[in-house]
Amino acid sequence: MNNLVYTLEDDVKVGFVLTIGEEVFGVINKNDERYNDGREALDKCWIWVEDKGVSGDDLYELIDNAEFTGISEFAEDENDIEIASLWTLMVDIVSYTAWKAYKREEAKYLPQALEGIEEESMAILVDSAIETTFISNEKIEIIEQRMLDQFSVNNDKKLTRHDFMNKLLEGE
């Protein structure tokens, strides 16, 4: 992964991993009983990117909660290794977004599961996405290059899911 990615605004970095997540999540059948929870997790992450309308706690609850209904349960319960790796990737994407949210909120404490996350976790996340086999390294490199071309280091423009994904996936 290009080191310039790390100089981008947090919203752009999260948008990048969410765009990868959207591409990978596309293989989940809408009739799958877990689909709505996965879709909600991605949607709430985009809400954070767009207007910070959810908190770090709200995002973390999507991963792990007292009712054991978080998306982390899906990876643990899945028998198909490829689909399990997809859900693990989804957990990583929501975790990265929650970590960014907590950092922005200047939270004194993070949930223990998020304590090991750092900027370089983005590269691990990208490698995990490739390992799912639902997105290629070439596709990620194209998305990454378009992101670097489209978004300056200090981009003051408000990001929206639609515009962001169009620029990265369609190259517009």
# chains A, B, ... in the order shown; residues from 1 in each chain; ligands from 1

call {"tool": "residues_around", "arguments": {"residues": "range 91-99 of chain A", "least_positions_apart": "3", "cutoff": "6 Å", "atoms": "only C-alpha atoms", "output": "compact mmCIF listing (two decimals) with C-alpha atoms, in the first residue's frame"}}
result
# COMPACT_ATOMS: atom_id res chain seq x y z
CA GLY A 56 -17.60 5.06 18.56
CA LEU A 59 -20.20 1.44 15.96
CA TYR A 60 -18.61 -0.91 18.47
CA SER A 72 -18.35 -10.87 15.04
CA THR A 88 -13.95 -11.25 9.75
CA TYR A 102 -13.18 7.02 19.38

call {"tool": "residues_around", "arguments": {"residues": "Glu115 in chain A", "least_positions_apart": "2", "cutoff": "12 Å", "atoms": "only C-alpha atoms", "output": "list in words"}}
result
Ser95, Tyr96, Ala98, Trp99, Lys100, Tyr102, Lys103, Ala107, Lys108, Tyr109, Leu110, Pro111, Gln112, Ala113, Ile117, Glu118, Glu119 and Ser121 of chain A

call {"tool": "closest_residue", "arguments": {"among": "A:Phe134, A:Glu170, A:Phe68, A:Glu120", "to": "Ile20 in chain A", "atoms": "only C-alpha atoms"}}
result
A:Phe134

call {"tool": "closest_residue", "arguments": {"among": "A:Ile28, A:Ala75, A:Met122, A:Ile83", "to": "Tyr6 in chain A", "atoms": "only C-alpha atoms"}}
result
A:Met122

call {"tool": "select_by_dssp", "arguments": {"residues": "chain A", "states": "alpha helix (DSSP H)", "output": "PyMOL selection string"}}
result
chain A and resi 10-25+35-51+56-63+72-77+81-104+121-131+137-150+161-165

call {"tool": "residues_around", "arguments": {"residues": "Val49 in chain A", "least_positions_apart": "6", "cutoff": "10 Å", "atoms": "only C-alpha atoms", "output": "PyMOL selection string"}}
result
chain A and resi 10-15+18+43+97+100-101+158-161

call {"tool": "write_last_selection", "arguments": {"atoms": "C-alpha atoms", "output": "compact mmCIF listing (two decimals), in the first residue's frame"}}
result
# COMPACT_ATOMS: atom_id res chain seq x y z
CA ASP A 10 -9.35 10.13 8.44
CA ASP A 11 -12.66 10.37 6.57
CA VAL A 12 -10.92 9.47 3.32
CA LYS A 13 -9.06 6.54 4.92
CA VAL A 14 -12.29 5.17 6.38
CA GLY A 15 -14.06 5.75 3.05
CA LEU A 18 -15.53 1.01 3.41
CA ASP A 43 -24.39 2.08 6.55
CA THR A 97 -14.10 2.93 11.77
CA LYS A 100 -11.29 6.39 14.26
CA ALA A 101 -14.55 7.55 15.87
CA LYS A 158 -17.66 16.89 2.77
CA LEU A 159 -17.57 13.26 1.72
CA THR A 160 -20.71 11.39 0.78
CA ARG A 161 -20.91 7.67 0.19

call {"tool": "closest_residue", "arguments": {"among": "A:Ile81, A:Met1, A:Cys45, A:Met165", "to": "Asp127 in chain A", "atoms": "only C-alpha atoms"}}
result
A:Met1

call {"tool": "atom_distance", "arguments": {"atom1": "CA of Lys167 in chain A", "atom2": "CA of Val54 in chain A"}}
result
24.3 Å

call {"tool": "atom_distance", "arguments": {"atom1": "CA of Arg146 in chain A", "atom2": "CA of Leu168 in chain A"}}
result
5.4 Å

call {"tool": "atom_distance", "arguments": {"atom1": "CA of Ile124 in chain A", "atom2": "CA of Asp51 in chain A"}}
result
26.4 Å

call {"tool": "closest_residue", "arguments": {"among": "A:Asp149, A:Glu82, A:Glu40, A:Glu144", "to": "Val27 in chain A", "atoms": "only C-alpha atoms"}}
result
A:Glu82

call {"tool": "closest_residue", "arguments": {"among": "A:Glu106, A:Glu61, A:Glu50, A:Asp37", "to": "Phe74 in chain A", "atoms": "only C-alpha atoms"}}
result
A:Asp37

call {"tool": "residues_around", "arguments": {"residues": "Ile135 in chain A", "least_positions_apart": "2", "cutoff": "10 Å", "atoms": "only C-alpha atoms", "output": "list in words"}}
result
Ile20, Gly21, Glu23, Val24, Phe25, Val126, Ala129, Ile130, Glu131, Thr132, Thr133, Asn137, Glu138, Lys139 and Ile140 of chain A

call {"tool": "closest_residue", "arguments": {"among": "A:Gly70, A:Asn2, A:Phe16, A:Leu125", "to": "Ile143 in chain A", "atoms": "only C-alpha atoms"}}
result
A:Phe16
